[in-house]
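Asks: Questions regarding the structure given below will be posed in turn.
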Amino acid sequence: MRGVAYPRRKALLAVCALLALILSAGEASTKSVMAETGTAPPSAAEVEPLPQGRVYLFRGALGPIFSRGIDRLAARLTDAGLKADVYEFTLCRLVAQWAISSYRETHAPIILIGHSMGGLCALIFAEVLSKENIPVSLVVTIDPAHASPKVPLNVERFINIFLSDGVLGGGDIVAEPGYRGHYASFDLKKQGDVTHINIDKADYIHEQLVGMITQLPRVPARTEGDAVPLRYLVPPDTKVELWDSGMRLPARPGDTLERVAALYRVPVWSLLQANKLPQDAPLPAGQEIVVPRRLTPAEVAPAVSTPR
């Protein structure tokens with residue numbers, strides 16, 4: 001028996017030595033690559049890119065004439081590497097069924113954008129997906145019709161850009177009771193140069209939307225603390241900054257509205273409206289104040305020390 005066991009032990013030691021040699025060679029190869037390139041080998045997260053969003057955009061009535069901004073936005077999204085397609089609002093439910101099949105195959109985030117009746121369509125689309133327990137990462141309605149439904153609970157982020165005094169659009173959209181997602185509403189009725197016909201064509205809004213949509217896969221839908229709904233009447237001659245929602249923060253000793261606005265790089269008027277405060281209102285230490293939040297928070301400015 002000893003004569004049999006000895007060759008087996010010898011063979012086992014040889015296998016272990018071979019494995020050690022292979023592992024050592026692999027480690028040396030990895031170190032060689034790192035030395036040559038100055039970088040570590042890619043991680044699993046780097047090898048497998050996050051799925052980009054699938055964007056469905058909807059024109060309003062007579063869309064090929066009056067909703068051309070939707071086509072321009074789709075082109076910019078496509079240039080950014082996203083899959084974005086434009087449809088007529090009359091195809092809403094049919095496209096929603098296609099989206100259900102596509103989502104079950106890819107699980108790519110779903111983004112819905114619509115102008116006028118296309119905005120109404122985007123919300124109906126979200127309702128159809130809600131019945132199938134499919135989340136919607138972002139819905140953007142641009143001066144949607146008054147008859148538009150409420151924001152369903154499966155929508156993670158909602159933005160409404162509208163003219164409350166409009167006749168063709170003017171839908172002031174609210175969310176279903178119990179909604180816990182991010183919500184921001186921007187009324188542009190004080191913008192003298194904005195109409196229902198051109199509200200979908202603002203390049204600076206398109207640029208912000210493209211930035212938000214490309215970031216969506218990297219930003220969790222849930223944040224620390226509750227997302228506070230934002231509702232703004234944008235002052236005249238002010239460009240819309242598309243905040244994601246609001247966050248509650250305690251005022252610190254010596255804080256003023258101007259100081260908080262500078263710290264978080266937001267305009268003072270946004271703090272006044274979000275908190276329903278008069279101009280020059282004091283901020284006692286510890287008082288909760290709502291600050292608008294971007295999809296990806298901007299770098300906070302360094303705090304300025306209070307003179308003694």
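In the structure tokens, chains take letters A, B, ... by order of appearance, with residues numbered from 1 within each chain and ligands from 1 in the order shown.
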Identify, with DSSP run on backbone atoms, the residues in segment 120-261 of chain A assigned to alpha helix (DSSP H), and express the list as an mmCIF file with N, CA, C and O atoms, in the first residue's frame.
Replies:
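Result saved to out34.cif:
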```cif
data_model
loop_
_atom_site.group_PDB
_atom_site.id
_atom_site.type_symbol
_atom_site.label_atom_id
_atom_site.label_comp_id
_atom_site.auth_asym_id
_atom_site.auth_seq_id
_atom_site.Cartn_x
_atom_site.Cartn_y
_atom_site.Cartn_z
ATOM 1 N N LEU A 120 -49.996 64.094 -23.179
ATOM 2 C CA LEU A 120 -51.102 63.266 -22.694
ATOM 3 C C LEU A 120 -50.807 61.802 -22.995
ATOM 4 O O LEU A 120 -50.980 60.920 -22.149
ATOM 5 N N CYS A 121 -50.314 61.550 -24.204
ATOM 6 C CA CYS A 121 -49.978 60.190 -24.624
ATOM 7 C C CYS A 121 -48.911 59.581 -23.723
ATOM 8 O O CYS A 121 -48.999 58.410 -23.335
ATOM 9 N N ALA A 122 -47.877 60.368 -23.368
ATOM 10 C CA ALA A 122 -46.792 59.845 -22.539
ATOM 11 C C ALA A 122 -47.326 59.339 -21.199
ATOM 12 O O ALA A 122 -46.867 58.305 -20.683
ATOM 13 N N LEU A 123 -48.296 60.045 -20.630
ATOM 14 C CA LEU A 123 -48.855 59.625 -19.343
ATOM 15 C C LEU A 123 -49.750 58.396 -19.494
ATOM 16 O O LEU A 123 -49.759 57.513 -18.628
ATOM 17 N N ILE A 124 -50.515 58.332 -20.588
ATOM 18 C CA ILE A 124 -51.314 57.129 -20.854
ATOM 19 C C ILE A 124 -50.386 55.928 -21.049
ATOM 20 O O ILE A 124 -50.631 54.824 -20.549
ATOM 21 N N PHE A 125 -49.312 56.144 -21.773
ATOM 22 C CA PHE A 125 -48.289 55.125 -22.011
ATOM 23 C C PHE A 125 -47.779 54.597 -20.666
ATOM 24 O O PHE A 125 -47.668 53.380 -20.451
ATOM 25 N N ALA A 126 -47.450 55.519 -19.744
ATOM 26 C CA ALA A 126 -46.957 55.120 -18.422
ATOM 27 C C ALA A 126 -48.015 54.316 -17.666
ATOM 28 O O ALA A 126 -47.674 53.361 -16.940
ATOM 29 N N GLU A 127 -49.290 54.687 -17.818
ATOM 30 C CA GLU A 127 -50.365 53.935 -17.168
ATOM 31 C C GLU A 127 -50.426 52.500 -17.687
ATOM 32 O O GLU A 127 -50.614 51.554 -16.910
ATOM 33 N N VAL A 128 -50.260 52.326 -18.996
ATOM 34 C CA VAL A 128 -50.282 50.983 -19.590
ATOM 35 C C VAL A 128 -49.151 50.138 -19.010
ATOM 36 O O VAL A 128 -49.339 48.970 -18.649
ATOM 37 N N LEU A 129 -47.962 50.738 -18.873
ATOM 38 C CA LEU A 129 -46.825 50.012 -18.317
ATOM 39 C C LEU A 129 -47.021 49.705 -16.839
ATOM 40 O O LEU A 129 -46.565 48.669 -16.338
ATOM 41 N N SER A 130 -47.723 50.593 -16.141
ATOM 42 C CA SER A 130 -47.990 50.383 -14.721
ATOM 43 C C SER A 130 -48.792 49.106 -14.497
ATOM 44 O O SER A 130 -48.541 48.358 -13.543
ATOM 45 N N ASP A 203 -33.468 74.964 -27.450
ATOM 46 C CA ASP A 203 -32.242 74.162 -27.476
ATOM 47 C C ASP A 203 -31.650 73.963 -26.080
ATOM 48 O O ASP A 203 -31.108 72.905 -25.778
ATOM 49 N N TYR A 204 -31.747 74.991 -25.218
ATOM 50 C CA TYR A 204 -31.135 74.853 -23.894
ATOM 51 C C TYR A 204 -31.896 73.845 -23.033
ATOM 52 O O TYR A 204 -31.309 73.212 -22.141
ATOM 53 N N ILE A 205 -33.187 73.670 -23.303
ATOM 54 C CA ILE A 205 -33.939 72.617 -22.609
ATOM 55 C C ILE A 205 -33.559 71.254 -23.181
ATOM 56 O O ILE A 205 -33.370 70.281 -22.440
ATOM 57 N N HIS A 206 -33.427 71.179 -24.494
ATOM 58 C CA HIS A 206 -32.999 69.922 -25.120
ATOM 59 C C HIS A 206 -31.660 69.466 -24.549
ATOM 60 O O HIS A 206 -31.471 68.285 -24.236
ATOM 61 N N GLU A 207 -30.729 70.405 -24.424
ATOM 62 C CA GLU A 207 -29.402 70.074 -23.927
ATOM 63 C C GLU A 207 -29.470 69.492 -22.520
ATOM 64 O O GLU A 207 -28.800 68.495 -22.201
ATOM 65 N N GLN A 208 -30.300 70.088 -21.670
ATOM 66 C CA GLN A 208 -30.440 69.574 -20.299
ATOM 67 C C GLN A 208 -31.075 68.185 -20.287
ATOM 68 O O GLN A 208 -30.660 67.310 -19.523
ATOM 69 N N LEU A 209 -32.076 67.975 -21.133
ATOM 70 C CA LEU A 209 -32.746 66.679 -21.179
ATOM 71 C C LEU A 209 -31.798 65.585 -21.652
ATOM 72 O O LEU A 209 -31.792 64.479 -21.097
ATOM 73 N N VAL A 210 -30.987 65.878 -22.652
ATOM 74 C CA VAL A 210 -30.017 64.890 -23.122
ATOM 75 C C VAL A 210 -29.055 64.530 -21.993
ATOM 76 O O VAL A 210 -28.751 63.352 -21.768
ATOM 77 N N GLY A 211 -28.590 65.540 -21.257
ATOM 78 C CA GLY A 211 -27.688 65.282 -20.140
ATOM 79 C C GLY A 211 -28.338 64.427 -19.069
ATOM 80 O O GLY A 211 -27.722 63.481 -18.542
ATOM 81 N N MET A 212 -29.589 64.728 -18.741
ATOM 82 C CA MET A 212 -30.290 63.951 -17.718
ATOM 83 C C MET A 212 -30.471 62.501 -18.149
ATOM 84 O O MET A 212 -30.234 61.565 -17.381
ATOM 85 N N ILE A 213 -30.898 62.316 -19.396
ATOM 86 C CA ILE A 213 -31.240 60.978 -19.873
ATOM 87 C C ILE A 213 -30.003 60.091 -19.976
ATOM 88 O O ILE A 213 -30.061 58.895 -19.666
ATOM 89 N N THR A 214 -28.877 60.650 -20.369
ATOM 90 C CA THR A 214 -27.655 59.856 -20.444
ATOM 91 C C THR A 214 -27.148 59.465 -19.052
ATOM 92 O O THR A 214 -26.454 58.465 -18.896
ATOM 93 N N GLN A 215 -27.522 60.241 -18.025
ATOM 94 C CA GLN A 215 -27.091 59.943 -16.653
ATOM 95 C C GLN A 215 -28.008 58.951 -15.936
ATOM 96 O O GLN A 215 -27.610 58.347 -14.934
ATOM 97 N N LEU A 257 -30.871 83.233 2.898
ATOM 98 C CA LEU A 257 -31.288 82.675 1.611
ATOM 99 C C LEU A 257 -30.190 82.850 0.564
ATOM 100 O O LEU A 257 -29.923 81.942 -0.233
ATOM 101 N N GLU A 258 -29.542 84.012 0.582
ATOM 102 C CA GLU A 258 -28.485 84.276 -0.392
ATOM 103 C C GLU A 258 -27.317 83.317 -0.190
ATOM 104 O O GLU A 258 -26.733 82.817 -1.162
ATOM 105 N N ARG A 259 -26.991 83.047 1.055
ATOM 106 C CA ARG A 259 -25.866 82.155 1.340
ATOM 107 C C ARG A 259 -26.183 80.725 0.903
ATOM 108 O O ARG A 259 -25.335 80.045 0.313
ATOM 109 N N VAL A 260 -27.390 80.258 1.200
ATOM 110 C CA VAL A 260 -27.787 78.911 0.792
ATOM 111 C C VAL A 260 -27.825 78.811 -0.729
ATOM 112 O O VAL A 260 -27.371 77.817 -1.315
ATOM 113 N N ALA A 261 -28.349 79.847 -1.391
ATOM 114 C CA ALA A 261 -28.413 79.850 -2.849
ATOM 115 C C ALA A 261 -27.013 79.763 -3.458
ATOM 116 O O ALA A 261 -26.779 79.010 -4.409
#
```
Asks: Please provide as a PyMOL selection string all residues within 12 Å of segment 234-243 of chain A, with the sequence filter that same-chain residues fewer than 6 positions apart are discarded (counting only C-alpha atoms).
Replies: chain A and resi 140+157-164+182-194+199+202-212+227-228+265-270+272-274+291-298
Asks: Quick one: distance from atom CA of Val136 of chain A to atom CA of Val155 of chain A in Å, one decimal?
Replies: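 Answer for the atom CA of Val136 of chain A to atom CA of Val155 of chain A separation: 4.8 Å.
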Asks: Which residue is closest to Val95 of chain A? Choose from A:Asp71, A:Val151, A:Val55, A:His107 and count only C-alpha atoms.
Replies: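 Of A:Asp71, A:Val151, A:Val55, A:His107, the one nearest Val95 of chain A is A:Val55, counting only C-alpha atoms.
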Asks: State, in Å with one decimal place, the distance from atom CA of Ile197 of chain A to atom CA of Gly114 of chain A.
Replies: 13.3 Å
Asks: At a cut-off of 10 Å, using only C-alpha atoms, what residues contact Gly118 of chain A? Leave out same-chain residues fewer than 6 positions from it and give the result as an mmCIF file with N, CA and C atoms, in the first residue's frame.
Replies:
```
data_model
loop_
_atom_site.group_PDB
_atom_site.id
_atom_site.type_symbol
_atom_site.label_atom_id
_atom_site.label_comp_id
_atom_site.auth_asym_id
_atom_site.auth_seq_id
_atom_site.Cartn_x
_atom_site.Cartn_y
_atom_site.Cartn_z
ATOM 1 N N LEU A 57 -40.669 59.243 -28.011
ATOM 2 C CA LEU A 57 -41.100 60.634 -28.078
ATOM 3 C C LEU A 57 -42.384 60.729 -28.911
ATOM 4 N N PHE A 58 -43.282 61.633 -28.484
ATOM 5 C CA PHE A 58 -44.579 61.740 -29.147
ATOM 6 C C PHE A 58 -44.886 63.191 -29.513
ATOM 7 N N ARG A 59 -45.246 63.368 -30.774
ATOM 8 C CA ARG A 59 -45.672 64.678 -31.247
ATOM 9 C C ARG A 59 -47.128 64.928 -30.843
ATOM 10 N N GLY A 60 -47.527 66.204 -30.915
ATOM 11 C CA GLY A 60 -48.915 66.566 -30.674
ATOM 12 C C GLY A 60 -49.733 66.499 -31.951
ATOM 13 N N ALA A 61 -50.944 67.049 -31.915
ATOM 14 C CA ALA A 61 -51.791 67.091 -33.105
ATOM 15 C C ALA A 61 -51.087 67.903 -34.197
ATOM 16 N N GLY A 63 -48.534 67.065 -35.596
ATOM 17 C CA GLY A 63 -47.167 67.035 -35.102
ATOM 18 C C GLY A 63 -46.086 67.318 -36.123
ATOM 19 N N SER A 67 -44.894 70.164 -33.975
ATOM 20 C CA SER A 67 -44.068 69.555 -32.920
ATOM 21 C C SER A 67 -42.690 69.165 -33.450
ATOM 22 N N ILE A 70 -39.720 68.099 -31.185
ATOM 23 C CA ILE A 70 -39.600 66.725 -30.710
ATOM 24 C C ILE A 70 -38.649 65.937 -31.612
ATOM 25 N N TYR A 87 -43.020 59.245 -32.543
ATOM 26 C CA TYR A 87 -44.287 58.682 -33.013
ATOM 27 C C TYR A 87 -45.381 59.739 -32.924
ATOM 28 N N GLU A 88 -46.463 59.483 -33.639
ATOM 29 C CA GLU A 88 -47.655 60.316 -33.500
ATOM 30 C C GLU A 88 -48.409 59.869 -32.245
ATOM 31 N N PHE A 89 -49.070 60.808 -31.583
ATOM 32 C CA PHE A 89 -49.751 60.469 -30.324
ATOM 33 C C PHE A 89 -50.873 59.469 -30.537
ATOM 34 N N THR A 90 -51.382 59.365 -31.744
ATOM 35 C CA THR A 90 -52.486 58.435 -32.027
ATOM 36 C C THR A 90 -52.045 56.970 -31.932
ATOM 37 N N LEU A 91 -50.723 56.748 -31.945
ATOM 38 C CA LEU A 91 -50.201 55.379 -31.861
ATOM 39 C C LEU A 91 -49.812 54.997 -30.437
ATOM 40 N N CYS A 92 -50.237 55.787 -29.476
ATOM 41 C CA CYS A 92 -49.773 55.676 -28.100
ATOM 42 C C CYS A 92 -49.861 54.254 -27.545
ATOM 43 N N LEU A 112 -40.095 58.605 -21.516
ATOM 44 C CA LEU A 112 -41.218 59.052 -22.340
ATOM 45 C C LEU A 112 -41.238 60.572 -22.389
ATOM 46 N N ILE A 124 -50.515 58.332 -20.588
ATOM 47 C CA ILE A 124 -51.314 57.129 -20.854
ATOM 48 C C ILE A 124 -50.386 55.928 -21.049
ATOM 49 N N THR A 141 -43.313 65.945 -19.899
ATOM 50 C CA THR A 141 -44.437 66.461 -20.680
ATOM 51 C C THR A 141 -44.184 67.941 -20.967
ATOM 52 N N ILE A 142 -44.387 68.333 -22.213
ATOM 53 C CA ILE A 142 -44.127 69.696 -22.652
ATOM 54 C C ILE A 142 -45.452 70.307 -23.098
ATOM 55 N N ASP A 143 -45.960 71.217 -22.287
ATOM 56 C CA ASP A 143 -47.273 71.833 -22.480
ATOM 57 C C ASP A 143 -48.329 70.795 -22.881
ATOM 58 N N PRO A 144 -48.560 69.822 -22.010
ATOM 59 C CA PRO A 144 -49.512 68.759 -22.335
ATOM 60 C C PRO A 144 -50.951 69.268 -22.312
ATOM 61 N N ALA A 145 -51.830 68.492 -22.925
ATOM 62 C CA ALA A 145 -53.253 68.853 -22.990
ATOM 63 C C ALA A 145 -53.869 68.846 -21.589
ATOM 64 N N SER A 148 -54.916 65.581 -19.741
ATOM 65 C CA SER A 148 -53.900 64.579 -19.416
ATOM 66 C C SER A 148 -54.164 63.934 -18.054
#
```
Asks: Work out how far apart atom CA of Asp172 of chain A and atom CA of Leu138 of chain A are and give it in Å to one decimal.
Replies: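 Taking atom CA of Asp172 of chain A and atom CA of Leu138 of chain A, their separation equals 17.3 Å.
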